[in-house]
file final_0.txt (compact mmCIF, C-alpha atoms)
# COMPACT_ATOMS: atom_id res chain seq x y z
CA MET A 1 0.00 0.00 0.00
CA ASP A 2 1.37 3.43 -0.92
CA ASN A 3 2.05 6.07 1.72
CA LYS A 4 -0.83 8.29 0.55
CA ASN A 5 -3.44 5.70 1.56
CA LEU A 6 -1.48 4.31 4.50
CA LYS A 7 -1.27 7.67 6.27
CA TRP A 8 -5.08 7.98 6.29
CA ILE A 9 -5.47 4.49 7.73
CA PHE A 10 -2.99 5.33 10.47
CA LEU A 11 -4.85 8.59 11.14
CA VAL A 12 -8.18 6.82 11.66
CA ILE A 13 -6.73 4.07 13.88
CA LEU A 14 -4.82 6.58 16.01
CA SER A 15 -7.94 8.71 16.40
CA ILE A 16 -9.85 5.74 17.83
CA ILE A 17 -7.01 4.62 20.10
CA TRP A 18 -6.06 8.04 21.45
CA GLY A 19 -9.68 9.18 21.61
CA SER A 20 -10.29 6.29 24.01
CA SER A 21 -7.14 7.04 26.03
CA PHE A 22 -8.69 9.97 27.91
CA ILE A 23 -11.45 7.88 29.49
CA LEU A 24 -8.87 5.23 30.44
CA ILE A 25 -6.83 7.91 32.21
CA LYS A 26 -9.95 9.05 34.04
CA LYS A 27 -10.72 5.50 35.18
CA GLY A 28 -7.12 4.92 36.16
CA LEU A 29 -7.13 7.98 38.42
CA ILE A 30 -9.84 6.42 40.60
CA GLY A 31 -7.29 4.24 42.39
CA LEU A 32 -4.01 5.98 41.55
CA THR A 33 -2.49 9.45 41.75
CA ALA A 34 -1.50 11.32 38.60
CA TYR A 35 2.21 10.61 39.15
CA GLN A 36 1.62 6.93 39.87
CA LEU A 37 -0.55 6.61 36.77
CA GLY A 38 1.96 8.37 34.53
CA SER A 39 4.86 6.27 35.78
CA LEU A 40 3.00 2.97 35.44
CA ARG A 41 1.90 3.93 31.94
CA ILE A 42 5.53 4.44 30.93
CA ILE A 43 6.78 1.27 32.67
CA PHE A 44 4.06 -0.98 31.25
CA THR A 45 4.65 0.45 27.77
CA ALA A 46 8.41 -0.04 28.09
CA ILE A 47 7.96 -3.71 29.03
CA PHE A 48 5.63 -4.24 26.06
CA LEU A 49 7.95 -2.49 23.58
CA PHE A 50 11.08 -4.20 24.87
CA ILE A 51 9.40 -7.58 24.38
CA ILE A 52 8.37 -6.94 20.78
CA GLY A 53 11.17 -4.66 19.59
CA PHE A 54 14.26 -4.71 21.83
CA LYS A 55 16.52 -5.66 18.89
CA SER A 56 15.59 -2.42 17.13
CA LEU A 57 17.79 -0.52 19.61
CA LYS A 58 20.80 -1.69 17.58
CA LYS A 59 19.65 0.48 14.69
CA ILE A 60 20.04 3.70 16.71
CA LYS A 61 23.30 5.35 15.67
CA LYS A 62 25.43 7.82 17.59
CA GLU A 63 24.06 10.77 15.61
CA HIS A 64 20.51 9.82 16.67
CA TYR A 65 21.10 9.80 20.44
CA LYS A 66 20.44 13.46 21.19
CA ALA A 67 17.24 13.61 19.14
CA VAL A 68 15.96 10.32 20.62
CA VAL A 69 16.49 11.62 24.17
CA VAL A 70 14.80 14.96 23.48
CA SER A 71 11.95 13.20 21.68
CA ALA A 72 11.52 10.82 24.63
CA PHE A 73 10.91 13.60 27.12
CA LEU A 74 8.91 15.93 24.87
CA GLY A 75 6.90 13.26 23.08
CA THR A 76 6.11 10.97 26.00
CA PHE A 77 7.52 11.62 29.47
CA ILE A 78 6.23 15.15 30.09
CA PRO A 79 2.84 14.77 28.30
CA VAL A 80 2.01 11.54 30.16
CA TYR A 81 2.12 13.33 33.51
CA MET A 82 0.55 16.53 32.16
CA PHE A 83 -2.58 14.74 30.92
CA ALA A 84 -2.93 12.77 34.15
CA LEU A 85 -2.63 15.95 36.23
CA ALA A 86 -5.17 17.77 34.03
CA GLU A 87 -7.75 15.01 34.40
CA THR A 88 -7.60 15.18 38.19
CA GLN A 89 -9.60 18.40 37.85
CA ILE A 90 -11.11 18.50 34.34
CA ASP A 91 -13.42 16.13 32.44
CA SER A 92 -11.69 13.78 30.01
CA SER A 93 -13.70 15.06 27.03
CA ILE A 94 -12.59 18.66 27.66
CA VAL A 95 -8.96 17.60 27.93
CA SER A 96 -9.22 15.87 24.55
CA ILE A 97 -10.70 19.00 22.96
CA LEU A 98 -7.89 21.19 24.32
CA ASN A 99 -5.41 18.69 22.93
CA SER A 100 -6.71 19.51 19.44
CA LEU A 101 -4.61 22.68 19.62
CA THR A 102 -1.53 20.57 18.82
CA PRO A 103 -1.55 21.31 15.04
CA LEU A 104 -1.73 25.05 15.76
CA ASN A 105 1.17 24.78 18.20
CA THR A 106 3.05 22.77 15.59
CA LEU A 107 2.69 25.71 13.21
CA ILE A 108 3.61 28.35 15.79
CA PHE A 109 6.70 26.64 17.18
CA GLY A 110 7.63 25.24 13.77
CA PHE A 111 7.83 28.84 12.56
CA PHE A 112 10.01 30.05 15.44
CA PHE A 113 12.30 27.04 15.81
CA PHE A 114 12.18 24.91 12.63
CA ASN A 115 12.00 27.45 9.80
CA MET A 116 8.40 26.68 8.85
CA THR A 117 6.66 29.51 7.00
CA PHE A 118 3.28 31.09 7.73
CA ARG A 119 0.46 31.83 5.31
CA LYS A 120 -2.36 34.29 5.91
CA ASN A 121 -4.96 31.57 6.44
CA GLN A 122 -2.71 29.91 9.02
CA VAL A 123 -2.53 33.09 11.09
CA ILE A 124 -6.33 33.40 10.92
CA GLY A 125 -6.68 29.75 11.92
CA ILE A 126 -4.41 30.20 14.93
CA VAL A 127 -6.37 33.22 16.15
CA ILE A 128 -9.70 31.39 15.74
CA GLY A 129 -8.32 28.35 17.53
CA LEU A 130 -7.18 30.45 20.48
CA VAL A 131 -10.59 32.14 20.69
CA GLY A 132 -12.26 28.74 20.75
CA THR A 133 -9.92 27.60 23.51
CA LEU A 134 -10.71 30.57 25.71
CA LEU A 135 -14.44 30.08 25.07
CA LEU A 136 -14.18 26.42 26.01
CA ILE A 137 -12.31 27.12 29.24
CA VAL A 138 -14.62 29.94 30.38
CA SER A 139 -17.75 27.96 29.53
CA GLY A 140 -16.43 24.87 31.25
CA ALA A 141 -15.57 26.81 34.37
CA ASN A 142 -19.15 28.14 34.55
CA LEU A 143 -20.74 24.75 33.88
CA ASN A 144 -18.51 22.88 36.33
CA PRO A 145 -17.64 25.34 39.13
CA ASP A 146 -16.24 22.46 41.19
CA GLN A 147 -13.55 21.83 38.55
CA ASN A 148 -10.32 23.83 38.44
CA TYR A 149 -9.89 24.95 34.84
CA TRP A 150 -6.46 26.38 35.57
CA PHE A 151 -5.40 22.75 35.09
CA SER A 152 -5.98 23.36 31.37
CA VAL A 153 -2.44 24.73 31.39
CA PHE A 154 -1.14 21.17 31.77
CA VAL A 155 -2.87 20.18 28.51
CA LEU A 156 -1.39 23.19 26.74
CA ILE A 157 2.09 22.24 27.98
CA ALA A 158 1.61 18.71 26.63
CA SER A 159 0.41 20.14 23.33
CA VAL A 160 3.52 22.31 22.99
CA CYS A 161 5.71 19.28 23.76
CA TYR A 162 3.96 17.31 21.02
CA ALA A 163 4.47 20.21 18.60
CA PHE A 164 8.23 20.13 19.15
CA ASN A 165 8.35 16.34 19.03
CA VAL A 166 6.74 15.91 15.59
CA ASN A 167 9.23 18.38 14.10
CA ILE A 168 12.17 16.65 15.80
CA ILE A 169 11.12 13.24 14.46
CA LYS A 170 10.56 14.59 10.95
CA ILE A 171 13.84 16.53 10.75
CA TYR A 172 16.30 14.50 12.82
CA LEU A 173 14.95 10.93 12.93
CA GLN A 174 13.57 10.48 9.42
CA ASP A 175 16.07 7.69 8.62
CA LEU A 176 15.36 5.72 11.81
CA SER A 177 12.58 3.11 11.95
CA ALA A 178 9.41 3.94 13.87
CA MET A 179 9.98 0.97 16.20
CA SER A 180 13.56 2.05 16.93
CA ILE A 181 12.40 5.54 17.86
CA ALA A 182 9.69 4.21 20.18
CA VAL A 183 11.90 1.64 21.90
CA GLY A 184 14.73 4.17 22.17
CA ASN A 185 12.38 6.72 23.73
CA PHE A 186 11.27 4.30 26.44
CA ALA A 187 14.81 3.07 27.08
CA VAL A 188 15.57 6.69 28.00
CA ILE A 189 12.57 7.45 30.24
CA THR A 190 11.94 4.14 32.04
CA ILE A 191 14.40 4.77 34.88
CA PRO A 192 13.13 8.34 35.49
CA ALA A 193 9.59 6.91 35.57
CA VAL A 194 10.61 4.32 38.19
CA VAL A 195 12.13 7.11 40.30
CA VAL A 196 8.90 9.13 40.08
CA LEU A 197 6.90 6.01 41.01
CA LEU A 198 9.06 5.51 44.10
CA CYS A 199 8.69 9.14 45.13
CA ALA A 200 4.91 8.93 44.56
CA GLY A 201 4.58 6.27 47.26
CA PHE A 202 3.23 3.54 44.99
CA PHE A 203 5.05 0.73 46.78
CA LYS A 204 3.43 1.67 50.08
CA ILE A 205 -0.02 0.81 48.69
CA GLU A 206 -1.67 -2.49 49.64
CA ILE A 207 -2.18 -3.54 46.02
CA VAL A 208 -3.31 -7.08 46.79
CA THR A 209 -6.16 -5.97 49.05
CA SER A 210 -7.15 -2.83 47.12
CA GLY A 211 -9.68 -3.59 44.39
CA LEU A 212 -9.65 0.02 43.21
CA VAL A 213 -5.89 -0.03 42.65
CA GLN A 214 -6.05 -3.34 40.81
CA THR A 215 -8.82 -2.10 38.51
CA SER A 216 -6.97 1.15 37.86
CA MET A 217 -3.80 -0.77 36.99
CA LEU A 218 -5.79 -2.86 34.50
CA TYR A 219 -7.00 0.33 32.79
CA ILE A 220 -3.45 1.68 32.69
CA MET A 221 -2.14 -1.57 31.25
CA LEU A 222 -4.64 -1.28 28.38
CA LEU A 223 -3.70 2.39 27.99
CA ALA A 224 0.00 1.52 27.95
CA ILE A 225 -0.19 -1.29 25.38
CA PHE A 226 -2.63 0.33 22.95
CA GLY A 227 -2.68 4.07 23.74
CA THR A 228 1.08 4.41 24.15
CA GLY A 229 2.99 1.38 22.85
CA ILE A 230 1.23 0.47 19.61
CA ALA A 231 0.05 4.04 18.96
CA LYS A 232 3.55 5.46 19.50
CA VAL A 233 5.06 3.22 16.82
CA MET A 234 2.22 4.04 14.42
CA PHE A 235 2.51 7.78 15.05
CA ASN A 236 6.28 7.77 14.47
CA LYS A 237 5.67 6.03 11.16
CA LEU A 238 2.89 8.50 10.30
CA VAL A 239 5.26 11.45 10.85
CA GLN A 240 7.82 9.85 8.56
CA ILE A 241 5.43 9.14 5.68
CA SER A 242 3.57 12.47 5.85
CA ASN A 243 4.47 15.85 7.41
CA PRO A 244 4.32 17.39 10.92
CA ILE A 245 1.06 19.24 10.29
CA PHE A 246 -0.78 16.23 8.87
CA SER A 247 0.54 14.01 11.67
CA SER A 248 -0.56 16.38 14.42
CA SER A 249 -3.98 16.72 12.76
CA VAL A 250 -4.90 13.39 14.35
CA THR A 251 -6.14 15.65 17.14
CA TYR A 252 -9.04 16.74 14.85
CA THR A 253 -10.89 13.49 15.35
CA ILE A 254 -9.66 12.45 18.79
CA PRO A 255 -12.27 14.72 20.50
CA ILE A 256 -15.10 13.00 18.61
CA VAL A 257 -14.18 9.62 20.12
CA ALA A 258 -13.40 11.14 23.52
CA LEU A 259 -16.71 13.04 23.60
CA PHE A 260 -18.54 9.78 22.87
CA TRP A 261 -16.90 8.12 25.88
CA GLY A 262 -17.46 11.24 28.01
CA VAL A 263 -21.19 11.27 27.27
CA LEU A 264 -21.41 7.56 28.16
CA ASP A 265 -19.66 8.37 31.42
CA ARG A 266 -22.17 11.18 32.12
CA GLU A 267 -19.78 14.08 31.77
CA LYS A 268 -21.46 17.48 31.45
CA LEU A 269 -21.29 19.29 28.15
CA ASN A 270 -23.34 22.35 27.18
CA PHE A 271 -24.05 24.03 23.85
CA THR A 272 -21.34 26.66 24.34
CA GLN A 273 -18.70 23.97 24.83
CA ILE A 274 -19.87 22.17 21.71
CA LEU A 275 -19.70 25.49 19.83
CA ALA A 276 -16.22 26.13 21.22
CA THR A 277 -15.13 22.68 20.03
CA PHE A 278 -16.22 23.48 16.48
CA VAL A 279 -14.48 26.87 16.68
CA ILE A 280 -11.21 25.18 17.67
CA LEU A 281 -11.54 22.59 14.91
CA LEU A 282 -12.40 25.34 12.40
CA GLY A 283 -9.21 27.17 13.40
CA VAL A 284 -7.17 24.01 12.96
CA PHE A 285 -8.81 23.33 9.59
CA LEU A 286 -8.10 26.84 8.30
CA ALA A 287 -4.51 26.66 9.51
CA ASN A 288 -3.98 23.44 7.56
CA ARG A 289 -5.57 24.50 4.26
CA LYS A 290 -3.06 24.69 1.43
CA LYS A 291 -4.79 27.69 -0.11
call {"tool": "encode", "arguments": {"input": "final_0.txt", "output": "structure tokens"}}
result
Amino acid sequence: MDNKNLKWIFLVILSIIWGSSFILIKKGLIGLTAYQLGSLRIIFTAIFLFIIGFKSLKKIKKEHYKAVVVSAFLGTFIPVYMFALAETQIDSSIVSILNSLTPLNTLIFGFFFFNMTFRKNQVIGIVIGLVGTLLLIVSGANLNPDQNYWFSVFVLIASVCYAFNVNIIKIYLQDLSAMSIAVGNFAVITIPAVVVLLCAGFFKIEIVTSGLVQTSMLYIMLLAIFGTGIAKVMFNKLVQISNPIFSSSVTYTIPIVALFWGVLDREKLNFTQILATFVILLGVFLANRKK
């Protein structure tokens, strides 16, 4: 299958997987803290990737090391904890919508740091996207006064990290296999994740007698294998066969899947938030138009 068709297949599969990741994070937080969840997600994913692709580490050359390390922290380590922290205070569906700002951030930071050029419609799209974001946050704060929408900042931080990561993979790791990048990333961040897990007091929990913790760990295991392990390899390949903007546009459709799960889980969503979602997606669409 040629890359033109393959990239769309990857986009659809990633939308379904990552769209479901937000509800898995929410369920995982019932029995775990944000730092415990983030660390376990990394550790479970590392075990899975090492089992299926450990040999791919041999393909990483000396000139790749720096980019692989930076990609590991920006593309996985920091966002994993940021999303978990955000969902301690904000509904999973809202977090997924805010994550759709990633293509806009890819444009903004690509311009300042990776020599990407701006077009008029991209500037308009960025402004519209930011307006939609502010509308979503203000509306959400009014609808859910018990939720702390300042935690939206954590999602924005993750989005910026993703924006840098897709450019790094495209520019500096184009000649390295998607599996090698993923396994190399987790080889870098596994030990830091174990340290965070120790500091988060996970090993003081009575896991055997705590049903909530066991259930949460099951959710995180599913999240790690599908939402991080398999999806990470697919996304790395998507970046290589397309471009940073197309790759980050997976966040267009992630909110659709996440909203579906949020509604099933009885999360509140009003008309203004739905309108804000379409405003954000309109901004992203305009920013990605070729003309």
call {"tool": "closest_residue", "arguments": {"input": "final_0.txt", "among": "A:Thr33, A:Ser247, A:Ser71, A:Gln89", "to": "A:Leu197", "atoms": "all atoms listed in the file"}}
result
A:Thr33
call {"tool": "closest_residue", "arguments": {"input": "final_0.txt", "among": "A:Pro255, A:Gly125, A:Gly53, A:Gly38", "to": "A:Ala182", "atoms": "all atoms listed in the file"}}
result
A:Gly53
call {"tool": "closest_residue", "arguments": {"input": "final_0.txt", "among": "A:Leu218, A:Ala276, A:Val188, A:Leu176", "to": "A:Lys58", "atoms": "all atoms listed in the file"}}
result
A:Leu176
call {"tool": "residues_around", "arguments": {"input": "final_0.txt", "residues": "stretch 97-106 of chain A", "least_positions_apart": "2", "cutoff": "7 Å", "atoms": "all atoms listed in the file", "output": "list of chain:residue names"}}
result
A:Ser93, A:Ile94, A:Val95, A:Ile108, A:Phe109, A:Gly110, A:Ile126, A:Thr133, A:Val155, A:Ser159, A:Val160, A:Tyr162, A:Ala163, A:Phe164, A:Ile245, A:Ser248, A:Ser249, A:Thr251, A:Tyr252, A:Pro255, A:Thr277, A:Val284
call {"tool": "write_last_selection", "arguments": {"input": "final_0.txt", "atoms": "C-alpha atoms", "output": "PDB file, in the coordinates of the input"}}
result
ATOM      1  CA  SER A  93     -13.700  15.060  27.030  1.00  0.00           C
ATOM      2  CA  ILE A  94     -12.590  18.660  27.660  1.00  0.00           C
ATOM      3  CA  VAL A  95      -8.960  17.600  27.930  1.00  0.00           C
ATOM      4  CA  ILE A 108       3.610  28.350  15.790  1.00  0.00           C
ATOM      5  CA  PHE A 109       6.700  26.640  17.180  1.00  0.00           C
ATOM      6  CA  GLY A 110       7.630  25.240  13.770  1.00  0.00           C
ATOM      7  CA  ILE A 126      -4.410  30.200  14.930  1.00  0.00           C
ATOM      8  CA  THR A 133      -9.920  27.600  23.510  1.00  0.00           C
ATOM      9  CA  VAL A 155      -2.870  20.180  28.510  1.00  0.00           C
ATOM     10  CA  SER A 159       0.410  20.140  23.330  1.00  0.00           C
ATOM     11  CA  VAL A 160       3.520  22.310  22.990  1.00  0.00           C
ATOM     12  CA  TYR A 162       3.960  17.310  21.020  1.00  0.00           C
ATOM     13  CA  ALA A 163       4.470  20.210  18.600  1.00  0.00           C
ATOM     14  CA  PHE A 164       8.230  20.130  19.150  1.00  0.00           C
ATOM     15  CA  ILE A 245       1.060  19.240  10.290  1.00  0.00           C
ATOM     16  CA  SER A 248      -0.560  16.380  14.420  1.00  0.00           C
ATOM     17  CA  SER A 249      -3.980  16.720  12.760  1.00  0.00           C
ATOM     18  CA  THR A 251      -6.140  15.650  17.140  1.00  0.00           C
ATOM     19  CA  TYR A 252      -9.040  16.740  14.850  1.00  0.00           C
ATOM     20  CA  PRO A 255     -12.270  14.720  20.500  1.00  0.00           C
ATOM     21  CA  THR A 277     -15.130  22.680  20.030  1.00  0.00           C
ATOM     22  CA  VAL A 284      -7.170  24.010  12.960  1.00  0.00           C
TER      23      VAL A 284
END
call {"tool": "residues_around", "arguments": {"input": "final_0.txt", "residues": "A:Gly184", "least_positions_apart": "3", "cutoff": "8 Å", "atoms": "all atoms listed in the file", "output": "PyMOL selection string"}}
result
chain A and resi 57+60+68-69+72+180-181+187-188
call {"tool": "atom_distance", "arguments": {"input": "final_0.txt", "atom1": "atom CA of A:Ile42", "atom2": "atom CA of A:Ser92"}}
result
19.6 Å
call {"tool": "residues_around", "arguments": {"input": "final_0.txt", "residues": "stretch 151-154 of chain A", "least_positions_apart": "2", "cutoff": "8 Å", "atoms": "all atoms listed in the file", "output": "number ranges by chain"}}
result
A: 82-83, 85-86, 89-90, 95, 98, 137, 148-149, 156-158
call {"tool": "write_last_selection", "arguments": {"input": "final_0.txt", "atoms": "C-alpha atoms", "output": "short mmCIF file (atom, residue, chain, number, x, y, z; two decimals), keeping the file's coordinate frame"}}
result
data_model
loop_
_atom_site.label_atom_id
_atom_site.label_comp_id
_atom_site.auth_asym_id
_atom_site.auth_seq_id
_atom_site.Cartn_x
_atom_site.Cartn_y
_atom_site.Cartn_z
CA MET A 82 0.55 16.53 32.16
CA PHE A 83 -2.58 14.74 30.92
CA LEU A 85 -2.63 15.95 36.23
CA ALA A 86 -5.17 17.77 34.03
CA GLN A 89 -9.60 18.40 37.85
CA ILE A 90 -11.11 18.50 34.34
CA VAL A 95 -8.96 17.60 27.93
CA LEU A 98 -7.89 21.19 24.32
CA ILE A 137 -12.31 27.12 29.24
CA ASN A 148 -10.32 23.83 38.44
CA TYR A 149 -9.89 24.95 34.84
CA LEU A 156 -1.39 23.19 26.74
CA ILE A 157 2.09 22.24 27.98
CA ALA A 158 1.61 18.71 26.63
#
call {"tool": "axis_aligned_box", "arguments": {"input": "final_0.txt", "around": "stretch 31-38 of chain A", "padding_each_side": "6 Å", "output": "lines of an AutoDock Vina configuration file"}}
result
center_x = -2.5
center_y = 7.8
center_z = 38.5
size_x = 21.5
size_y = 19.1
size_z = 19.9
call {"tool": "closest_residue", "arguments": {"input": "final_0.txt", "among": "A:Leu238, A:Ile220, A:Ile78, A:Val138", "to": "A:Ala193", "atoms": "only C-alpha atoms"}}
result
A:Ile78
call {"tool": "residues_around", "arguments": {"input": "final_0.txt", "residues": "A:Gly140", "least_positions_apart": "4", "cutoff": "7 Å", "atoms": "all atoms listed in the file", "output": "PyMOL selection string"}}
result
chain A and resi 136+144+273
call {"tool": "atom_distance", "arguments": {"input": "final_0.txt", "atom1": "atom CA of A:Val279", "atom2": "atom CA of A:Gly129"}}
result
6.4 Å
call {"tool": "atom_distance", "arguments": {"input": "final_0.txt", "atom1": "atom CA of A:Ile189", "atom2": "atom CA of A:Phe77"}}
result
6.6 Å
call {"tool": "closest_residue", "arguments": {"input": "final_0.txt", "among": "A:Phe203, A:Phe44, A:Tyr172, A:Tyr65", "to": "A:Thr228", "atoms": "all atoms listed in the file"}}
result
A:Phe44
call {"tool": "residues_around", "arguments": {"input": "final_0.txt", "residues": "A:Ile13", "least_positions_apart": "2", "cutoff": "12 Å", "atoms": "all atoms listed in the file", "output": "JSON list (two decimals) with C-alpha atoms, in the coordinates of the input"}}
result
[["chain", "number", "residue", "atom", "x", "y", "z"],
["A", 6, "LEU", "CA", -1.48, 4.31, 4.50],
["A", 7, "LYS", "CA", -1.27, 7.67, 6.27],
["A", 8, "TRP", "CA", -5.08, 7.98, 6.29],
["A", 9, "ILE", "CA", -5.47, 4.49, 7.73],
["A", 10, "PHE", "CA", -2.99, 5.33, 10.47],
["A", 11, "LEU", "CA", -4.85, 8.59, 11.14],
["A", 15, "SER", "CA", -7.94, 8.71, 16.40],
["A", 16, "ILE", "CA", -9.85, 5.74, 17.83],
["A", 17, "ILE", "CA", -7.01, 4.62, 20.10],
["A", 18, "TRP", "CA", -6.06, 8.04, 21.45],
["A", 19, "GLY", "CA", -9.68, 9.18, 21.61],
["A", 20, "SER", "CA", -10.29, 6.29, 24.01],
["A", 226, "PHE", "CA", -2.63, 0.33, 22.95],
["A", 227, "GLY", "CA", -2.68, 4.07, 23.74],
["A", 230, "ILE", "CA", 1.23, 0.47, 19.61],
["A", 231, "ALA", "CA", 0.05, 4.04, 18.96],
["A", 232, "LYS", "CA", 3.55, 5.46, 19.50],
["A", 234, "MET", "CA", 2.22, 4.04, 14.42],
["A", 235, "PHE", "CA", 2.51, 7.78, 15.05],
["A", 238, "LEU", "CA", 2.89, 8.50, 10.30],
["A", 250, "VAL", "CA", -4.90, 13.39, 14.35],
["A", 253, "THR", "CA", -10.89, 13.49, 15.35],
["A", 254, "ILE", "CA", -9.66, 12.45, 18.79],
["A", 257, "VAL", "CA", -14.18, 9.62, 20.12]]
call {"tool": "decode", "arguments": {"input": "final_0.txt", "residues": "stretch 28-51 of chain A", "atoms": "N, CA and C atoms", "output": "tab-separated table (two decimals), in the first residue's frame"}}
result
chain	number	residue	atom	x	y	z
A	28	GLY	N	-8.33	5.27	35.45
A	28	GLY	CA	-7.12	4.92	36.16
A	28	GLY	C	-6.86	5.79	37.38
A	29	LEU	N	-7.33	7.04	37.31
A	29	LEU	CA	-7.13	7.98	38.42
A	29	LEU	C	-8.02	7.68	39.63
A	30	ILE	N	-8.97	6.76	39.47
A	30	ILE	CA	-9.84	6.42	40.60
A	30	ILE	C	-9.05	5.77	41.73
A	31	GLY	N	-8.08	4.94	41.36
A	31	GLY	CA	-7.29	4.24	42.39
A	31	GLY	C	-5.85	4.65	42.46
A	32	LEU	N	-5.41	5.57	41.59
A	32	LEU	CA	-4.01	5.98	41.55
A	32	LEU	C	-3.89	7.50	41.49
A	33	THR	N	-2.75	8.02	41.92
A	33	THR	CA	-2.49	9.45	41.75
A	33	THR	C	-1.99	9.70	40.33
A	34	ALA	N	-1.94	10.96	39.95
A	34	ALA	CA	-1.50	11.32	38.60
A	34	ALA	C	-0.07	10.85	38.33
A	35	TYR	N	0.80	11.00	39.33
A	35	TYR	CA	2.21	10.61	39.15
A	35	TYR	C	2.36	9.09	39.11
A	36	GLN	N	1.58	8.39	39.91
A	36	GLN	CA	1.62	6.93	39.87
A	36	GLN	C	1.12	6.42	38.52
A	37	LEU	N	0.02	7.01	38.05
A	37	LEU	CA	-0.55	6.61	36.77
A	37	LEU	C	0.44	6.86	35.63
A	38	GLY	N	1.02	8.05	35.59
A	38	GLY	CA	1.96	8.37	34.53
A	38	GLY	C	3.16	7.44	34.51
A	39	SER	N	3.69	7.14	35.69
A	39	SER	CA	4.86	6.27	35.78
A	39	SER	C	4.53	4.85	35.35
A	40	LEU	N	3.40	4.33	35.82
A	40	LEU	CA	3.00	2.97	35.44
A	40	LEU	C	2.72	2.88	33.94
A	41	ARG	N	2.16	3.91	33.39
A	41	ARG	CA	1.90	3.93	31.94
A	41	ARG	C	3.20	3.80	31.18
A	42	ILE	N	4.22	4.50	31.60
A	42	ILE	CA	5.53	4.44	30.93
A	42	ILE	C	6.17	3.07	31.13
A	43	ILE	N	6.13	2.55	32.36
A	43	ILE	CA	6.78	1.27	32.67
A	43	ILE	C	6.10	0.11	31.94
A	44	PHE	N	4.78	0.09	31.96
A	44	PHE	CA	4.06	-0.98	31.25
A	44	PHE	C	4.34	-0.93	29.75
A	45	THR	N	4.37	0.30	29.20
A	45	THR	CA	4.65	0.45	27.77
A	45	THR	C	6.07	-0.01	27.45
A	46	ALA	N	7.01	0.35	28.31
A	46	ALA	CA	8.41	-0.04	28.09
A	46	ALA	C	8.55	-1.56	28.06
A	47	ILE	N	7.90	-2.24	29.00
A	47	ILE	CA	7.96	-3.71	29.03
A	47	ILE	C	7.41	-4.29	27.73
A	48	PHE	N	6.27	-3.77	27.29
A	48	PHE	CA	5.63	-4.24	26.06
A	48	PHE	C	6.54	-4.01	24.85
A	49	LEU	N	7.11	-2.81	24.73
A	49	LEU	CA	7.95	-2.49	23.58
A	49	LEU	C	9.27	-3.25	23.60
A	50	PHE	N	9.84	-3.45	24.78
A	50	PHE	CA	11.08	-4.20	24.87
A	50	PHE	C	10.88	-5.66	24.45
A	51	ILE	N	9.71	-6.20	24.76
A	51	ILE	CA	9.40	-7.58	24.38
A	51	ILE	C	9.30	-7.73	22.86
